[in-house]
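As stored in entry-v2.cif (mmCIF, C-alpha atoms and all ligand atoms):
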```cif
data_work
#
loop_
_atom_site.group_PDB
_atom_site.id
_atom_site.type_symbol
_atom_site.label_atom_id
_atom_site.label_comp_id
_atom_site.auth_asym_id
_atom_site.auth_seq_id
_atom_site.Cartn_x
_atom_site.Cartn_y
_atom_site.Cartn_z
ATOM 1 C CA MET A 1 62.952 13.808 55.431
ATOM 2 C CA GLU A 2 65.396 15.453 57.785
ATOM 3 C CA LEU A 3 64.762 18.965 58.973
ATOM 4 C CA ARG A 4 67.964 20.319 57.422
ATOM 5 C CA GLU A 5 67.052 18.699 54.105
ATOM 6 C CA LYS A 6 63.643 20.341 54.195
ATOM 7 C CA ALA A 7 65.197 23.705 54.985
ATOM 8 C CA GLN A 8 67.685 23.425 52.147
ATOM 9 C CA GLY A 9 64.836 22.434 49.828
ATOM 10 C CA LEU A 10 63.072 25.687 50.692
ATOM 11 C CA VAL A 11 66.198 27.730 50.025
ATOM 12 C CA ASP A 12 66.696 25.985 46.691
ATOM 13 C CA ARG A 13 63.246 27.084 45.522
ATOM 14 C CA TYR A 14 64.382 30.679 45.155
ATOM 15 C CA PRO A 15 66.913 32.275 42.803
ATOM 16 C CA VAL A 16 68.075 34.433 45.720
ATOM 17 C CA GLY A 17 68.437 32.459 48.923
ATOM 18 C CA ARG A 18 67.308 35.181 51.307
ATOM 19 C CA SER A 19 63.858 35.068 49.678
ATOM 20 C CA ALA A 20 63.358 31.826 51.588
ATOM 21 C CA LEU A 21 63.438 33.560 54.957
ATOM 22 C CA LEU A 22 59.672 33.693 55.532
ATOM 23 C CA PRO A 23 59.052 29.986 54.813
ATOM 24 C CA LEU A 24 62.154 29.095 56.812
ATOM 25 C CA LEU A 25 60.748 30.968 59.788
ATOM 26 C CA HIS A 26 57.519 28.986 59.473
ATOM 27 C CA LEU A 27 59.621 25.837 59.453
ATOM 28 C CA VAL A 28 61.306 27.028 62.651
ATOM 29 C CA GLN A 29 57.882 27.502 64.225
ATOM 30 C CA HIS A 30 56.864 24.041 63.101
ATOM 31 C CA GLN A 31 59.972 22.561 64.682
ATOM 32 C CA ASP A 32 60.248 24.594 67.879
ATOM 33 C CA GLY A 33 56.741 25.985 68.327
ATOM 34 C CA PHE A 34 58.077 29.529 68.163
ATOM 35 C CA ILE A 35 60.939 31.549 66.701
ATOM 36 C CA SER A 36 63.739 30.292 68.871
ATOM 37 C CA ASP A 37 67.203 31.794 69.139
ATOM 38 C CA ASP A 38 68.622 28.605 67.634
ATOM 39 C CA GLY A 39 66.174 28.909 64.748
ATOM 40 C CA ILE A 40 67.202 32.490 64.094
ATOM 41 C CA ALA A 41 70.861 31.523 64.125
ATOM 42 C CA GLU A 42 70.274 28.666 61.713
ATOM 43 C CA CYS A 43 68.260 30.847 59.304
ATOM 44 C CA ALA A 44 71.032 33.448 59.389
ATOM 45 C CA ARG A 45 73.704 30.821 58.725
ATOM 46 C CA MET A 46 71.815 29.260 55.810
ATOM 47 C CA LEU A 47 70.951 32.552 54.139
ATOM 48 C CA GLY A 48 74.127 34.529 54.792
ATOM 49 C CA LEU A 49 72.285 37.076 56.913
ATOM 50 C CA THR A 50 73.030 38.454 60.334
ATOM 51 C CA LYS A 51 70.976 37.285 63.276
ATOM 52 C CA ALA A 52 69.821 40.887 63.673
ATOM 53 C CA GLU A 53 68.438 40.866 60.127
ATOM 54 C CA VAL A 54 66.541 37.640 60.733
ATOM 55 C CA ASN A 55 65.271 38.909 64.060
ATOM 56 C CA ALA A 56 64.079 42.133 62.412
ATOM 57 C CA VAL A 57 61.874 40.138 60.039
ATOM 58 C CA ALA A 58 60.673 37.743 62.736
ATOM 59 C CA THR A 59 59.558 40.588 64.959
ATOM 60 C CA PHE A 60 57.904 42.562 62.132
ATOM 61 C CA TYR A 61 55.268 39.985 61.173
ATOM 62 C CA SER A 62 52.711 39.066 63.807
ATOM 63 C CA MET A 63 52.525 35.467 62.562
ATOM 64 C CA TYR A 64 55.955 34.812 64.042
ATOM 65 C CA LYS A 65 55.947 34.277 67.782
ATOM 66 C CA ARG A 66 58.898 34.776 70.076
ATOM 67 C CA ALA A 67 57.384 32.648 72.852
ATOM 68 C CA PRO A 68 56.219 29.016 72.598
ATOM 69 C CA MET A 69 52.688 28.580 71.276
ATOM 70 C CA GLY A 70 50.098 26.167 72.560
ATOM 71 C CA ARG A 71 48.531 23.368 70.510
ATOM 72 C CA HIS A 72 46.206 25.908 68.925
ATOM 73 C CA LEU A 73 46.517 29.600 68.155
ATOM 74 C CA VAL A 74 43.190 31.354 68.688
ATOM 75 C CA SER A 75 43.022 34.788 67.078
ATOM 76 C CA VAL A 76 40.179 37.237 67.603
ATOM 77 C CA CYS A 77 39.883 39.987 65.033
ATOM 78 C CA THR A 78 39.258 43.247 66.872
ATOM 79 C CA ASN A 79 39.511 45.520 63.863
ATOM 80 C CA PHE A 80 36.686 47.811 62.790
ATOM 81 C CA SER A 81 34.122 45.542 61.131
ATOM 82 C CA CYS A 82 34.456 42.912 63.808
ATOM 83 C CA LYS A 83 34.547 45.420 66.628
ATOM 84 C CA VAL A 84 31.231 47.005 65.686
ATOM 85 C CA ARG A 85 29.710 43.520 65.763
ATOM 86 C CA GLY A 86 30.964 42.670 69.214
ATOM 87 C CA ALA A 87 34.511 41.376 68.771
ATOM 88 C CA GLN A 88 35.846 43.157 71.845
ATOM 89 C CA GLU A 89 33.313 41.314 74.004
ATOM 90 C CA VAL A 90 34.350 38.059 72.337
ATOM 91 C CA TYR A 91 38.003 38.744 73.098
ATOM 92 C CA GLU A 92 37.355 39.800 76.676
ATOM 93 C CA ARG A 93 35.272 36.694 77.384
ATOM 94 C CA LEU A 94 38.139 34.554 76.148
ATOM 95 C CA VAL A 95 40.629 36.463 78.294
ATOM 96 C CA VAL A 96 38.479 35.711 81.334
ATOM 97 C CA ARG A 97 37.792 32.083 80.397
ATOM 98 C CA LEU A 98 41.401 31.242 79.516
ATOM 99 C CA GLY A 99 43.103 33.451 82.098
ATOM 100 C CA VAL A 100 45.588 34.756 79.535
ATOM 101 C CA GLY A 101 46.038 37.917 77.532
ATOM 102 C CA HIS A 102 47.412 38.833 74.129
ATOM 103 C CA ASN A 103 50.108 36.447 72.905
ATOM 104 C CA GLU A 104 49.921 34.400 76.080
ATOM 105 C CA THR A 105 49.440 30.647 76.422
ATOM 106 C CA THR A 106 47.291 28.722 78.862
ATOM 107 C CA ALA A 107 49.129 26.805 81.561
ATOM 108 C CA ASP A 108 48.061 23.463 80.072
ATOM 109 C CA GLY A 109 49.634 24.407 76.729
ATOM 110 C CA ALA A 110 46.331 24.080 74.901
ATOM 111 C CA ILE A 111 45.766 27.567 73.554
ATOM 112 C CA THR A 112 47.665 30.710 72.701
ATOM 113 C CA LEU A 113 45.357 33.709 72.501
ATOM 114 C CA GLU A 114 45.873 36.859 70.489
ATOM 115 C CA HIS A 115 43.848 39.758 69.238
ATOM 116 C CA ALA A 116 44.425 40.362 65.565
ATOM 117 C CA GLU A 117 43.996 43.026 62.964
ATOM 118 C CA CYS A 118 41.632 42.525 60.001
ATOM 119 C CA LEU A 119 41.661 38.889 58.956
ATOM 120 C CA GLY A 120 40.241 39.688 55.521
ATOM 121 C CA ASN A 121 36.861 38.093 56.251
ATOM 122 C CA CYS A 122 34.860 41.181 57.271
ATOM 123 C CA GLU A 123 31.569 39.849 55.881
ATOM 124 C CA GLY A 124 31.751 37.155 58.560
ATOM 125 C CA ALA A 125 32.389 39.525 61.468
ATOM 126 C CA PRO A 126 33.140 38.900 64.232
ATOM 127 C CA VAL A 127 35.792 36.469 63.070
ATOM 128 C CA VAL A 128 37.812 34.100 65.238
ATOM 129 C CA THR A 129 40.478 31.885 63.724
ATOM 130 C CA VAL A 130 41.949 28.660 65.047
ATOM 131 C CA ASP A 131 45.381 28.148 63.529
ATOM 132 C CA TYR A 132 44.258 30.532 60.739
ATOM 133 C CA PHE A 133 41.049 28.651 59.897
ATOM 134 C CA ASN A 134 38.101 31.047 60.056
ATOM 135 C CA TYR A 135 35.064 30.797 62.299
ATOM 136 C CA GLU A 136 32.595 33.468 61.284
ATOM 137 C CA CYS A 137 29.927 35.347 63.235
ATOM 138 C CA VAL A 138 31.180 34.147 66.586
ATOM 139 C CA ASP A 139 29.466 35.544 69.663
ATOM 140 C CA PRO A 140 30.978 35.477 73.176
ATOM 141 C CA ASP A 141 29.195 32.289 74.234
ATOM 142 C CA GLY A 142 30.172 30.605 70.993
ATOM 143 C CA ALA A 143 33.788 31.647 71.445
ATOM 144 C CA VAL A 144 33.883 30.147 74.930
ATOM 145 C CA GLU A 145 32.342 26.927 73.629
ATOM 146 C CA LEU A 146 34.909 26.864 70.839
ATOM 147 C CA VAL A 147 37.905 27.102 73.181
ATOM 148 C CA GLU A 148 36.408 24.613 75.622
ATOM 149 C CA ARG A 149 36.123 22.093 72.828
ATOM 150 C CA LEU A 150 39.695 22.821 71.785
ATOM 151 C CA ILE A 151 40.870 22.279 75.358
ATOM 152 C CA ALA A 152 38.947 18.990 75.372
ATOM 153 C CA GLY A 153 40.835 17.902 72.258
ATOM 154 C CA GLU A 154 38.056 18.524 69.744
ATOM 155 C CA VAL A 155 38.314 20.835 66.780
ATOM 156 C CA PRO A 156 34.870 21.970 65.562
ATOM 157 C CA PRO A 157 34.584 22.349 61.791
ATOM 158 C CA PRO A 158 35.393 25.903 60.741
ATOM 159 C CA THR A 159 33.218 27.954 58.444
ATOM 160 C CA ARG A 160 35.432 26.987 55.535
ATOM 161 C CA GLY A 161 38.089 24.365 55.127
ATOM 162 C CA PHE A 162 38.674 21.543 57.569
ATOM 163 C CA PRO A 163 39.358 21.312 61.307
ATOM 164 C CA SER A 164 42.906 22.312 62.143
ATOM 165 C CA PRO A 165 45.266 19.507 63.127
ATOM 166 C CA GLY A 166 47.205 21.988 65.295
ATOM 167 C CA ILE A 167 49.289 25.080 64.811
ATOM 168 C CA ARG A 168 52.563 23.232 64.321
ATOM 169 C CA ASP A 169 51.118 21.160 61.499
ATOM 170 C CA VAL A 170 49.766 24.376 59.981
ATOM 171 C CA GLU A 171 53.205 25.958 60.271
ATOM 172 C CA HIS A 172 54.555 23.079 58.184
ATOM 173 C CA ARG A 173 51.940 23.888 55.545
ATOM 174 C CA LEU A 174 52.719 27.609 55.722
ATOM 175 C CA ALA A 175 56.353 26.781 55.057
ATOM 176 C CA GLY A 176 55.131 25.262 51.804
ATOM 177 C CA LEU A 177 55.832 21.687 52.853
ATOM 178 C CA GLY A 178 52.297 20.308 53.082
ATOM 179 C CA PRO A 179 50.633 18.600 56.035
ATOM 180 C CA VAL A 180 52.226 16.633 58.819
ATOM 181 C CA ARG A 181 50.305 13.945 60.611
ATOM 182 C CA THR A 182 51.027 13.567 64.292
ATOM 183 C CA ALA A 183 49.476 11.414 66.971
ATOM 184 C CA GLU A 184 48.992 14.443 69.165
ATOM 185 C CA PRO A 185 48.365 17.917 67.772
ATOM 186 C CA GLY A 186 51.050 20.351 68.743
ATOM 187 C CA VAL A 187 53.596 17.657 69.463
ATOM 188 C CA ILE A 188 55.839 16.773 66.577
ATOM 189 C CA PRO A 189 57.566 13.475 67.386
ATOM 190 C CA ASP A 190 59.639 13.514 64.233
ATOM 191 C CA GLN A 191 59.814 15.128 60.865
ATOM 192 C CA THR A 192 57.766 12.546 59.019
ATOM 193 C CA THR A 193 55.628 14.079 56.319
ATOM 194 C CA ALA A 194 52.199 12.949 55.262
ATOM 195 C CA GLN A 195 53.755 11.625 52.081
ATOM 196 C CA ASP A 196 56.009 9.408 54.182
ATOM 197 C CA ALA A 197 53.559 8.369 56.857
ATOM 198 C CA ALA A 198 50.693 5.940 56.914
ATOM 199 C CA PRO A 199 47.272 7.612 57.322
ATOM 200 C CA ALA A 200 46.313 8.242 60.926
ATOM 201 C CA ALA A 201 43.774 5.877 62.451
ATOM 202 C CA PRO A 202 40.404 7.460 63.314
ATOM 203 C CA ALA A 203 41.099 7.101 67.038
ATOM 204 C CA ALA A 204 44.543 8.651 66.750
ATOM 205 C CA GLY A 205 44.258 10.761 69.865
ATOM 206 C CA PRO A 206 43.134 14.102 71.212
ATOM 207 C CA GLY A 207 42.233 16.526 68.479
ATOM 208 C CA PHE A 208 41.902 13.881 65.823
ATOM 209 C CA THR A 209 38.208 13.428 66.291
ATOM 210 C CA ALA A 210 36.246 11.560 63.687
ATOM 211 C CA ALA A 211 35.382 14.883 62.117
ATOM 212 C CA THR A 212 39.047 15.755 61.899
ATOM 213 C CA VAL A 213 40.057 12.554 60.214
ATOM 214 C CA GLU A 214 37.104 12.434 57.886
ATOM 215 C CA GLY A 215 37.577 16.065 57.033
ATOM 216 C CA GLU A 216 41.248 15.774 56.216
ATOM 217 C CA PRO A 217 42.207 16.362 52.617
ATOM 218 C CA PRO A 218 44.121 13.752 50.687
ATOM 219 C CA ALA A 219 47.740 13.777 51.761
ATOM 220 C CA ASP A 220 48.861 15.215 48.446
ATOM 221 C CA ALA A 221 46.113 17.827 48.101
ATOM 222 C CA LYS A 222 46.196 21.441 49.133
ATOM 223 C CA PRO A 223 43.402 22.598 51.438
ATOM 224 C CA ALA A 224 41.941 24.725 48.664
ATOM 225 C CA GLU A 225 41.650 21.711 46.447
ATOM 226 C CA PHE A 226 40.018 19.854 49.269
ATOM 227 C CA ALA A 227 37.532 22.650 49.762
ATOM 228 C CA ASP A 228 36.665 22.616 46.087
ATOM 229 C CA ALA A 229 36.259 18.858 46.136
ATOM 230 C CA ALA A 230 33.924 19.175 49.108
ATOM 231 C CA GLY A 231 31.658 21.494 47.199
ATOM 232 C CA GLY A 232 33.273 24.757 48.188
ATOM 233 C CA GLY A 233 33.568 24.937 51.919
ATOM 234 C CA ALA A 234 32.636 22.911 54.953
ATOM 235 C CA GLN A 235 29.295 21.213 54.648
ATOM 236 C CA GLU A 236 28.866 20.652 58.331
ATOM 237 C CA ARG A 237 27.458 23.373 60.526
ATOM 238 C CA GLY A 238 29.080 24.278 63.750
ATOM 239 C CA PRO A 239 27.495 23.910 67.166
ATOM 240 C CA GLU A 240 24.457 25.953 67.964
ATOM 241 C CA GLY A 241 25.312 29.282 69.501
ATOM 242 C CA MET A 242 28.827 29.372 68.206
ATOM 243 C CA GLY A 243 28.091 31.531 65.277
ATOM 244 C CA PRO A 244 24.984 33.422 64.435
ATOM 245 C CA GLN A 245 24.514 36.880 65.769
ATOM 246 C CA SER A 246 20.957 37.349 66.895
ATOM 247 C CA GLY A 247 18.664 37.346 63.912
ATOM 248 C CA SER A 248 21.332 36.914 61.245
ATOM 249 C CA SER A 249 20.912 33.317 60.256
ATOM 250 C CA GLU A 250 22.147 33.943 56.748
ATOM 251 C CA HIS A 251 25.579 34.580 58.216
ATOM 252 C CA ALA A 252 25.412 31.516 60.410
ATOM 253 C CA TYR A 253 28.678 30.019 61.488
ATOM 254 C CA GLY A 254 29.637 27.028 59.401
ATOM 255 C CA ALA A 255 27.243 27.723 56.563
ATOM 256 C CA GLY A 256 30.030 27.823 53.980
ATOM 257 C CA SER A 257 29.593 30.414 51.291
ATOM 258 C CA GLY A 258 31.707 29.140 48.474
ATOM 259 C CA GLY A 259 35.293 28.293 47.785
ATOM 260 C CA ARG A 260 38.122 29.231 50.072
ATOM 261 C CA ASP A 261 39.726 32.590 49.887
ATOM 262 C CA GLU A 262 43.282 31.937 48.810
ATOM 263 C CA ALA A 263 44.422 34.957 50.780
ATOM 264 C CA THR A 264 43.459 33.216 54.028
ATOM 265 C CA ASP A 265 44.220 29.656 53.013
ATOM 266 C CA PRO A 266 46.865 28.252 55.358
ATOM 267 C CA GLY A 267 47.745 25.727 52.697
ATOM 268 C CA SER A 268 48.942 28.347 50.282
ATOM 269 C CA PRO A 269 52.424 29.525 51.233
ATOM 270 C CA PRO A 270 52.731 33.286 51.047
ATOM 271 C CA ALA A 271 54.972 34.658 48.370
ATOM 272 C CA ALA A 272 58.120 35.897 50.038
ATOM 273 C CA ASP A 273 57.989 39.264 48.340
ATOM 274 C CA ASP A 274 54.350 40.199 48.674
ATOM 275 C CA GLN A 275 53.258 39.097 52.117
ATOM 276 C CA GLU A 276 51.648 41.939 54.020
ATOM 277 C CA PRO A 277 52.064 42.239 57.772
ATOM 278 C CA ARG A 278 48.741 41.666 59.504
ATOM 279 C CA ASP A 279 49.080 44.565 61.894
ATOM 280 C CA ALA A 280 51.607 46.811 60.219
HETATM 281 S S1 LIG B 301 37.648 43.626 60.507
HETATM 282 FE FE1 LIG B 301 37.564 41.567 61.264
HETATM 283 S S2 LIG B 301 37.835 40.363 59.450
HETATM 284 FE FE2 LIG B 301 37.973 42.410 58.733
#
```
Would you write out, as structure tokens, the structure that this file holds?
Ligand code: FES
Amino acid sequence: MELREKAQGLVDRYPVGRSALLPLLHLVQHQDGFISDDGIAECARMLGLTKAEVNAVATFYSMYKRAPMGRHLVSVCTNFSCKVRGAQEVYERLVVRLGVGHNETTADGAITLEHAECLGNCEGAPVVTVDYFNYECVDPDGAVELVERLIAGEVPPPTRGFPSPGIRDVEHRLAGLGPVRTAEPGVIPDQTTAQDAAPAAPAAGPGFTAATVEGEPPADAKPAEFADAAGGGAQERGPEGMGPQSGSSEHAYGAGSGGRDEATDPGSPPAADDQEPRDA
């Protein structure tokens, strides 16, 4: 399906066209990897808004980035619950390891780092997300191991859900258009949807490790449905040292504590009228 056709399909979902702005901006991020000037102009044209109005929305919500993102967006919650359990140390170790700061991307284009406000998963503090998939109880060493595996093209299984195929695929889901399969995470060769494409081969390329392919939901299933089908959360534990705080094995990373929280499910498009800014 062509990009313009997808965009018009989003607009047509709403009785008032401007309600489609948030999903359209996710579609822009899927296409361009960030909120580009061309994307803003196209959203404004389609919705009868001014570019200033679109830009005002795009700069209000922290999920919209005005600079190109890497293959993966790594977010470290540094709000209260996470901070008292060591999140600042987690963030600072990643700053040193990656050589980038807030909303900056590594030179190899692998990772964009950000510190985030409460991610709504305080019981798993400190929380790190990769493309909005939660990794709970992450300590500094575990965080470094996590990003090193991402740089190497692996995506460890998160605490809940399935390994992210890359931020641009997730942006397609956040737009409400379902998953996109690509040979290389973060690089969208065309606008082929999972419904149109043949399933990826297990050795599809960096990032599509066996765990990624085996953990993928059916092409026509939402992640939440996949999680339910898998028994309510990932069954596979993450690497040693990535999660548990000392002496808190019951909160171990990757343990999976039930079904996904819809509020943090990247597969569930946010309602245009009730999405809360993460750091407002
Ligand atoms: S304070 Fe970090 S998830 Fe709530």
request  = Output the neighbourhood of ligand LIG 301 (chain B) as JSON, numbers by chain, that is, all protein and nucleic acid residues with some atom at most 6 Å from the ligand, counting only C-alpha atoms and all ligand atoms.
outcome  = {"A": [77, 79, 80, 81, 82, 118, 119, 120, 121, 122, 125, 126, 127]}
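Among the candidates A:Thr129, A:Thr59, A:Ile167, A:Ala143, the residue lying nearest to A:Leu94 is A:Ala143 (atoms considered: only C-alpha atoms).
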query = When you draw a straight line from atom CA of A:Leu22 to atom CA of A:Phe133, how long is it in Å?
reply =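 Atom-to-atom, atom CA of A:Leu22 and atom CA of A:Phe133 are spaced 19.8 Å apart.
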query = What's the 10 Å shell around A:Arg168, counting only C-alpha atoms, without same-chain residues fewer than 3 positions away, as a list in words?
reply =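 So, after excluding close chain neighbours, the residues are His26, Leu27, Val28, Gln29, His30, Gln31, Asp32, Gly33, Phe34, Met69, Gly70, Arg71, His72, Leu73, Asp131, Ser164, Pro165, Glu171, His172, Arg173, Leu174, Pro179, Val180, Thr182, Pro185, Gly186, Val187 and Ile188 of chain A.
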task = Compare A:Gln8, A:Thr159, A:Ser36, A:Thr112 by their minimum atom-to-atom distance to A:Tyr135, counting only C-alpha atoms, and give me the closest one.
result =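 Under the stated criterion, the closest residue is A:Thr159.
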inquiry  = Would you compute the distance between atom CA of A:Asp37 and atom CA of A:Leu21? Give it in Å to one decimal.
reply    =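 Taking atom CA of A:Asp37 and atom CA of A:Leu21, their separation equals 14.8 Å.
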Two-atom distance - atom CA of A:Lys51, atom CA of A:Gly166 (Å) =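 Computed distance, atom CA of A:Lys51 to atom CA of A:Gly166, equals 28.3 Å.
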query = Smallest atom-to-atom distance to A:Thr106: which of A:Gly153, A:Val147, A:Ala7, A:Tyr14, using only C-alpha atoms?
reply =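 Using only C-alpha atoms, A:Thr106 sits closest to A:Val147.
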task = Using all atoms listed in the file, pick whichever of A:Pro23, A:Val128, A:Pro140, A:Val96 has the shortest atom-to-atom distance to A:Lys6.
result = A:Pro23
message = What's around A:Arg4 at 10 Å? Count all atoms listed in the file, leave out sequence neighbours fewer than 6 positions away in its own chain, and write the answer as a PyMOL selection string.
response = chain A and resi 10+42+46
Using C-alpha atoms, can you export the residues from the last selection as a short mmCIF file (atom, residue, chain, number, x, y, z; two decimals), in the frame of the given file?
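Here's the written file out.cif:
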```cif
data_model
loop_
_atom_site.label_atom_id
_atom_site.label_comp_id
_atom_site.auth_asym_id
_atom_site.auth_seq_id
_atom_site.Cartn_x
_atom_site.Cartn_y
_atom_site.Cartn_z
CA LEU A 10 63.07 25.69 50.69
CA GLU A 42 70.27 28.67 61.71
CA MET A 46 71.82 29.26 55.81
#
```
Got a sec to resolve the PyMOL selection byres (((chain A and resi 116) around 7) and not hetatm) on this structure and send the residues as a short mmCIF file (atom, residue, chain, number, x, y, z; two decimals) with C-alpha atoms, keeping the file's coordinate frame?
```cif
data_model
loop_
_atom_site.label_atom_id
_atom_site.label_comp_id
_atom_site.auth_asym_id
_atom_site.auth_seq_id
_atom_site.Cartn_x
_atom_site.Cartn_y
_atom_site.Cartn_z
CA SER A 75 43.02 34.79 67.08
CA VAL A 76 40.18 37.24 67.60
CA CYS A 77 39.88 39.99 65.03
CA THR A 78 39.26 43.25 66.87
CA GLU A 114 45.87 36.86 70.49
CA HIS A 115 43.85 39.76 69.24
CA GLU A 117 44.00 43.03 62.96
CA CYS A 118 41.63 42.52 60.00
#
```
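Here the question is which of A:Leu113, A:Leu98, A:Leu150, A:Val90 gets nearest to A:Cys137 using all atoms listed in the file, and that residue is A:Val90.
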Centre, edges in Å (one decimal): axis-aligned box, stretch 31-50 of chain A, 6 Å padding on all six sides, as AutoDock Vina command-line options:
```
--center_x 65.4 --center_y 30.5 --center_z 61.6 --size_x 29.4 --size_y 27.9 --size_z 27.0
```
ask   = Between A:Lys65, A:Arg97, A:Arg45, A:Arg160, which is the closest to A:Asp141 once you count all atoms listed in the file?
value =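 Nearest candidate to A:Asp141 out of A:Lys65, A:Arg97, A:Arg45, A:Arg160: A:Arg97.
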key: Picked residues, the PyMOL selection byres (((chain A and resi 47) around 8) and not hetatm), as a count of residues only   = 10
